[in-house]
Amino acid sequence: AQSVTQPDIHITVSEGASLELRCNYSYGATPYLFWYVQSPGQGLQLLLKYFSGDTLVQGIKGFEAEFKRSQSSFNLRKPSVHWSDAAEYFCADANFGNEKLTFGTGTRLTIIP
Amino acid sequence: NAGVTQTPKFQVLKTGQSMTLQCAQDMNHEYMSWYRQDPGMGLRLIHYSVGAGITDQGEVPNGYNVSRSTTEDFPLRLLSAAPSQTSVYFCASSYKTSGIYEQYFGPGTRLTVT
């Protein structure tokens with residue numbers, strides 16, 4: 001069965017430092033991968049998506065992610081975090097690009113001054 | 001465009017009560033879905049619909065009913081609430097662009113069953 005793993009439950013980063021959030025997917029053939037962000041008490045907002053083409057994708061709010069098929073990974077990065085980036089981040093996979101998303105368990109990001 | 005709207009924002013039910021969570025979208029998206037979010041488990045798909053009159057089960061459908069009589073609305077019914085249904089519920093709608101479905105989420109309904 002399709003699964004998405006986010007190994008880090010909680011990450012704390014200093015403001016201005018770089019960030020990398022890890023995501024591994026299990027369903028190999030043609031992953032359709034997404035990163036969503038959820039601010040406290042809010043719904044989910046799409047940061048970026050990938051299913052083909054350039055393996056480095058740019059998203060909103062200065063985020064990027066790199067698809068690495070050899071490592072089954074789709075890690076999210078930001079060169080310099082801002083206090084407003086504190087939120088929960090979810091990686092998701094859509095099997096063959098259909099409508100149904102399988103989500104990881106999420107990584108909560110805390111920013112310290 | 002209001003996007004995806006959900007009502008109510010908060011609800012407390014007693015065990016055995018029934019209720020309907022409302023979801024509406026004004027983007028003319030064919031596909032709509034319901035997820036529940038529980039701590040440490042991410043979001044799990046409850047039911048989904050690929051168009052008016054068509055619904056199907058997701059990963060955790062037990063205890064929930066859905067119907068889709070119009071493109072805009074996709075209500076989720078709890079027939080007899082149980083404490084295990086305490087959760088945050090998200091509705092989403094999506095459309096296919098450049099070969100991939102892009103989902104838009106509502107703000108959520110926080111449900112507590114006592």
# chains A, B, ... in the order shown; residues from 1 in each chain; ligands from 1
>>> residues_around(residues="Lys61 in chain A", least_positions_apart="3", cutoff="9 Å", atoms="only C-alpha atoms", output="compact mmCIF listing (two decimals) with N, CA, C and O atoms, in the first residue's frame")
# COMPACT_ATOMS: atom_id res chain seq x y z
N LEU A 47 2.02 24.28 -0.86
CA LEU A 47 3.29 24.99 -1.04
C LEU A 47 3.89 24.71 -2.42
O LEU A 47 4.37 25.63 -3.08
N LYS A 78 14.21 25.48 2.80
CA LYS A 78 14.13 26.94 2.74
C LYS A 78 15.46 27.47 3.25
O LYS A 78 15.94 27.05 4.31
N ASP A 85 7.01 31.21 9.50
CA ASP A 85 7.03 29.86 8.94
C ASP A 85 6.67 28.81 9.98
O ASP A 85 6.51 27.62 9.63
>>> interface_residues(of="chain A", to="chain B", cutoff="8 Å", atoms="only C-alpha atoms", output="list in words")
Tyr32, Gly41, Gln42, Gly43, Leu44, Gln45, Leu46, Phe51, Phe90, Gly97, Asn98, Glu99, Lys100, Leu101, Thr102, Phe103, Gly104, Thr105 and Gly106 of chain A
>>> residues_around(residues="Leu76 in chain A", least_positions_apart="2", cutoff="9 Å", atoms="only C-alpha atoms", output="list in words")
Leu19, Glu20, Leu21, Arg22, Cys23, Trp35, Phe63, Glu64, Ala65, Glu66, Phe74, Lys78 and Cys91 of chain A
>>> residues_around(residues="Arg77 in chain B", least_positions_apart="4", cutoff="6 Å", atoms="only C-alpha atoms", output="number ranges by chain")
B: 19-20, 64-65
>>> residues_around(residues="Glu88 in chain A", least_positions_apart="4", cutoff="9 Å", atoms="only C-alpha atoms", output="PDB file with N, CA and C atoms, in the first residue's frame")
ATOM      1  N   HIS A  10       8.894  16.807  15.163  1.00  0.00           N
ATOM      2  CA  HIS A  10       9.016  18.192  15.593  1.00  0.00           C
ATOM      3  C   HIS A  10      10.436  18.659  15.303  1.00  0.00           C
ATOM      4  N   TYR A  36       2.220  20.525   1.840  1.00  0.00           N
ATOM      5  CA  TYR A  36       1.215  21.457   2.328  1.00  0.00           C
ATOM      6  C   TYR A  36       1.697  22.039   3.649  1.00  0.00           C
ATOM      7  N   VAL A  37       1.224  23.259   3.949  1.00  0.00           N
ATOM      8  CA  VAL A  37       1.497  23.884   5.233  1.00  0.00           C
ATOM      9  C   VAL A  37       0.176  24.181   5.921  1.00  0.00           C
ATOM     10  N   GLN A  38       0.168  23.958   7.242  1.00  0.00           N
ATOM     11  CA  GLN A  38      -1.028  24.248   8.037  1.00  0.00           C
ATOM     12  C   GLN A  38      -0.639  25.144   9.197  1.00  0.00           C
ATOM     13  N   SER A  39      -1.080  26.380   9.164  1.00  0.00           N
ATOM     14  CA  SER A  39      -0.866  27.279  10.290  1.00  0.00           C
ATOM     15  C   SER A  39      -1.871  26.948  11.378  1.00  0.00           C
ATOM     16  N   PRO A  40      -1.570  27.294  12.622  1.00  0.00           N
ATOM     17  CA  PRO A  40      -2.452  26.920  13.738  1.00  0.00           C
ATOM     18  C   PRO A  40      -3.900  27.345  13.510  1.00  0.00           C
ATOM     19  N   GLY A 106       3.090  14.430   9.338  1.00  0.00           N
ATOM     20  CA  GLY A 106       3.341  15.847   9.587  1.00  0.00           C
ATOM     21  C   GLY A 106       4.598  16.110  10.399  1.00  0.00           C
ATOM     22  N   THR A 107       5.176  17.281  10.182  1.00  0.00           N
ATOM     23  CA  THR A 107       6.310  17.769  10.972  1.00  0.00           C
ATOM     24  C   THR A 107       5.953  19.155  11.488  1.00  0.00           C
ATOM     25  N   ARG A 108       6.011  19.292  12.801  1.00  0.00           N
ATOM     26  CA  ARG A 108       5.723  20.612  13.397  1.00  0.00           C
ATOM     27  C   ARG A 108       7.011  21.399  13.489  1.00  0.00           C
ATOM     28  N   LEU A 109       6.977  22.607  12.944  1.00  0.00           N
ATOM     29  CA  LEU A 109       8.153  23.476  12.908  1.00  0.00           C
ATOM     30  C   LEU A 109       7.992  24.597  13.915  1.00  0.00           C
ATOM     31  N   THR A 110       8.959  24.711  14.805  1.00  0.00           N
ATOM     32  CA  THR A 110       9.019  25.805  15.773  1.00  0.00           C
ATOM     33  C   THR A 110      10.194  26.696  15.407  1.00  0.00           C
TER      34      THR A 110
END
>>> closest_residue(among="B:Leu76, B:Thr70, B:Thr55, B:Ile46", to="Leu21 in chain B", atoms="only C-alpha atoms")
B:Leu76
>>> atom_distance(atom1="CA of Ser80 in chain B", atom2="CA of Thr7 in chain B")
18.9 Å
>>> residues_around(residues="Ser3 in chain A", least_positions_apart="4", cutoff="10 Å", atoms="only C-alpha atoms", output="PyMOL selection string")
chain A and resi 24-27+92-93+95+102-104
>>> write_last_selection(atoms="all heavy atoms", output="PDB file, in the first residue's frame")
ATOM      1  N   ASN A  24       9.684  10.770   2.717  1.00  0.00           N
ATOM      2  CA  ASN A  24       9.955   9.594   1.901  1.00  0.00           C
ATOM      3  C   ASN A  24       8.639   8.971   1.473  1.00  0.00           C
ATOM      4  O   ASN A  24       7.692   8.887   2.263  1.00  0.00           O
ATOM      5  CB  ASN A  24      10.786   8.566   2.678  1.00  0.00           C
ATOM      6  CG  ASN A  24      12.170   9.078   2.974  1.00  0.00           C
ATOM      7  OD1 ASN A  24      12.440   9.605   4.052  1.00  0.00           O
ATOM      8  ND2 ASN A  24      13.060   8.945   2.016  1.00  0.00           N
ATOM      9  N   TYR A  25       8.570   8.535   0.219  1.00  0.00           N
ATOM     10  CA  TYR A  25       7.358   7.914  -0.293  1.00  0.00           C
ATOM     11  C   TYR A  25       7.656   6.470  -0.633  1.00  0.00           C
ATOM     12  O   TYR A  25       8.803   6.101  -0.902  1.00  0.00           O
ATOM     13  CB  TYR A  25       6.850   8.676  -1.522  1.00  0.00           C
ATOM     14  CG  TYR A  25       7.799   8.606  -2.691  1.00  0.00           C
ATOM     15  CD1 TYR A  25       7.668   7.630  -3.667  1.00  0.00           C
ATOM     16  CD2 TYR A  25       8.842   9.517  -2.804  1.00  0.00           C
ATOM     17  CE1 TYR A  25       8.550   7.546  -4.716  1.00  0.00           C
ATOM     18  CE2 TYR A  25       9.743   9.439  -3.853  1.00  0.00           C
ATOM     19  CZ  TYR A  25       9.588   8.459  -4.805  1.00  0.00           C
ATOM     20  OH  TYR A  25      10.489   8.371  -5.839  1.00  0.00           O
ATOM     21  N   SER A  26       6.627   5.659  -0.646  1.00  0.00           N
ATOM     22  CA  SER A  26       6.860   4.228  -0.850  1.00  0.00           C
ATOM     23  C   SER A  26       6.388   3.719  -2.190  1.00  0.00           C
ATOM     24  O   SER A  26       6.810   2.680  -2.651  1.00  0.00           O
ATOM     25  CB  SER A  26       6.153   3.415   0.239  1.00  0.00           C
ATOM     26  OG  SER A  26       4.757   3.488   0.050  1.00  0.00           O
ATOM     27  N   TYR A  27       5.452   4.439  -2.845  1.00  0.00           N
ATOM     28  CA  TYR A  27       4.862   3.916  -4.067  1.00  0.00           C
ATOM     29  C   TYR A  27       5.669   4.422  -5.238  1.00  0.00           C
ATOM     30  O   TYR A  27       5.684   5.600  -5.500  1.00  0.00           O
ATOM     31  CB  TYR A  27       3.410   4.347  -4.189  1.00  0.00           C
ATOM     32  CG  TYR A  27       2.606   3.427  -5.052  1.00  0.00           C
ATOM     33  CD1 TYR A  27       1.951   2.345  -4.489  1.00  0.00           C
ATOM     34  CD2 TYR A  27       2.517   3.626  -6.417  1.00  0.00           C
ATOM     35  CE1 TYR A  27       1.209   1.487  -5.278  1.00  0.00           C
ATOM     36  CE2 TYR A  27       1.785   2.766  -7.207  1.00  0.00           C
ATOM     37  CZ  TYR A  27       1.132   1.693  -6.639  1.00  0.00           C
ATOM     38  OH  TYR A  27       0.407   0.844  -7.410  1.00  0.00           O
ATOM     39  N   ALA A  92       2.554  14.753   0.934  1.00  0.00           N
ATOM     40  CA  ALA A  92       1.472  13.887   0.469  1.00  0.00           C
ATOM     41  C   ALA A  92       1.798  13.328  -0.900  1.00  0.00           C
ATOM     42  O   ALA A  92       2.565  13.930  -1.670  1.00  0.00           O
ATOM     43  CB  ALA A  92       0.147  14.661   0.432  1.00  0.00           C
ATOM     44  N   ASP A  93       1.178  12.203  -1.198  1.00  0.00           N
ATOM     45  CA  ASP A  93       1.401  11.519  -2.472  1.00  0.00           C
ATOM     46  C   ASP A  93       0.046  11.161  -3.067  1.00  0.00           C
ATOM     47  O   ASP A  93      -0.853  10.722  -2.348  1.00  0.00           O
ATOM     48  CB  ASP A  93       2.227  10.247  -2.214  1.00  0.00           C
ATOM     49  CG  ASP A  93       2.566   9.484  -3.486  1.00  0.00           C
ATOM     50  OD1 ASP A  93       2.357  10.018  -4.583  1.00  0.00           O
ATOM     51  OD2 ASP A  93       3.056   8.349  -3.368  1.00  0.00           O
ATOM     52  N   ASN A  95      -1.500   8.700  -5.772  1.00  0.00           N
ATOM     53  CA  ASN A  95      -1.188   7.530  -6.572  1.00  0.00           C
ATOM     54  C   ASN A  95      -1.587   7.744  -8.030  1.00  0.00           C
ATOM     55  O   ASN A  95      -2.757   7.983  -8.321  1.00  0.00           O
ATOM     56  CB  ASN A  95      -1.934   6.329  -5.997  1.00  0.00           C
ATOM     57  CG  ASN A  95      -1.567   5.035  -6.674  1.00  0.00           C
ATOM     58  OD1 ASN A  95      -0.566   4.961  -7.365  1.00  0.00           O
ATOM     59  ND2 ASN A  95      -2.387   4.030  -6.489  1.00  0.00           N
ATOM     60  N   THR A 102      -2.528  10.548  -0.078  1.00  0.00           N
ATOM     61  CA  THR A 102      -2.053   9.882   1.131  1.00  0.00           C
ATOM     62  C   THR A 102      -1.075  10.825   1.806  1.00  0.00           C
ATOM     63  O   THR A 102      -0.092  11.246   1.189  1.00  0.00           O
ATOM     64  CB  THR A 102      -1.356   8.556   0.790  1.00  0.00           C
ATOM     65  OG1 THR A 102      -2.299   7.673   0.191  1.00  0.00           O
ATOM     66  CG2 THR A 102      -0.785   7.914   2.047  1.00  0.00           C
ATOM     67  N   PHE A 103      -1.360  11.146   3.049  1.00  0.00           N
ATOM     68  CA  PHE A 103      -0.562  12.128   3.778  1.00  0.00           C
ATOM     69  C   PHE A 103       0.433  11.464   4.712  1.00  0.00           C
ATOM     70  O   PHE A 103       0.168  10.393   5.268  1.00  0.00           O
ATOM     71  CB  PHE A 103      -1.469  13.027   4.631  1.00  0.00           C
ATOM     72  CG  PHE A 103      -2.174  14.094   3.852  1.00  0.00           C
ATOM     73  CD1 PHE A 103      -3.392  13.842   3.253  1.00  0.00           C
ATOM     74  CD2 PHE A 103      -1.620  15.362   3.726  1.00  0.00           C
ATOM     75  CE1 PHE A 103      -4.053  14.823   2.530  1.00  0.00           C
ATOM     76  CE2 PHE A 103      -2.271  16.352   3.016  1.00  0.00           C
ATOM     77  CZ  PHE A 103      -3.490  16.075   2.420  1.00  0.00           C
ATOM     78  N   GLY A 104       1.567  12.130   4.916  1.00  0.00           N
ATOM     79  CA  GLY A 104       2.445  11.789   6.012  1.00  0.00           C
ATOM     80  C   GLY A 104       1.854  12.299   7.318  1.00  0.00           C
ATOM     81  O   GLY A 104       0.820  12.989   7.331  1.00  0.00           O
TER      82      GLY A 104
END
>>> atom_distance(atom1="CA of Pro79 in chain A", atom2="CA of Asp8 in chain A")
18.6 Å
>>> select_by_dssp(residues="range 2-48 of chain A", states="strand (DSSP E or B)", output="list of chain:residue names")
A:Val4, A:Thr5, A:His10, A:Ile11, A:Thr12, A:Val13, A:Ser14, A:Leu19, A:Glu20, A:Leu21, A:Asn24, A:Tyr25, A:Leu33, A:Phe34, A:Trp35, A:Tyr36, A:Val37, A:Gln38, A:Leu44, A:Gln45, A:Leu46, A:Leu47, A:Leu48
>>> residues_around(residues="Ala52 in chain B", least_positions_apart="4", cutoff="7 Å", atoms="only C-alpha atoms", output="PyMOL selection string")
chain B and resi 68-71
>>> write_last_selection(atoms="C-alpha atoms", output="mmCIF file, in the first residue's frame")
data_model
loop_
_atom_site.group_PDB
_atom_site.id
_atom_site.type_symbol
_atom_site.label_atom_id
_atom_site.label_comp_id
_atom_site.auth_asym_id
_atom_site.auth_seq_id
_atom_site.Cartn_x
_atom_site.Cartn_y
_atom_site.Cartn_z
ATOM 1 C CA ARG B 68 -23.433 14.651 -3.720
ATOM 2 C CA SER B 69 -26.593 16.033 -5.250
ATOM 3 C CA THR B 70 -24.924 19.158 -6.691
ATOM 4 C CA THR B 71 -21.440 20.065 -7.862
#
>>> closest_residue(among="A:Ile9, A:Leu48, A:Ala86, A:Leu56", to="Ile111 in chain A", atoms="only C-alpha atoms")
A:Ala86
>>> atom_distance(atom1="CA of Ser18 in chain A", atom2="CA of Val81 in chain A")
6.2 Å
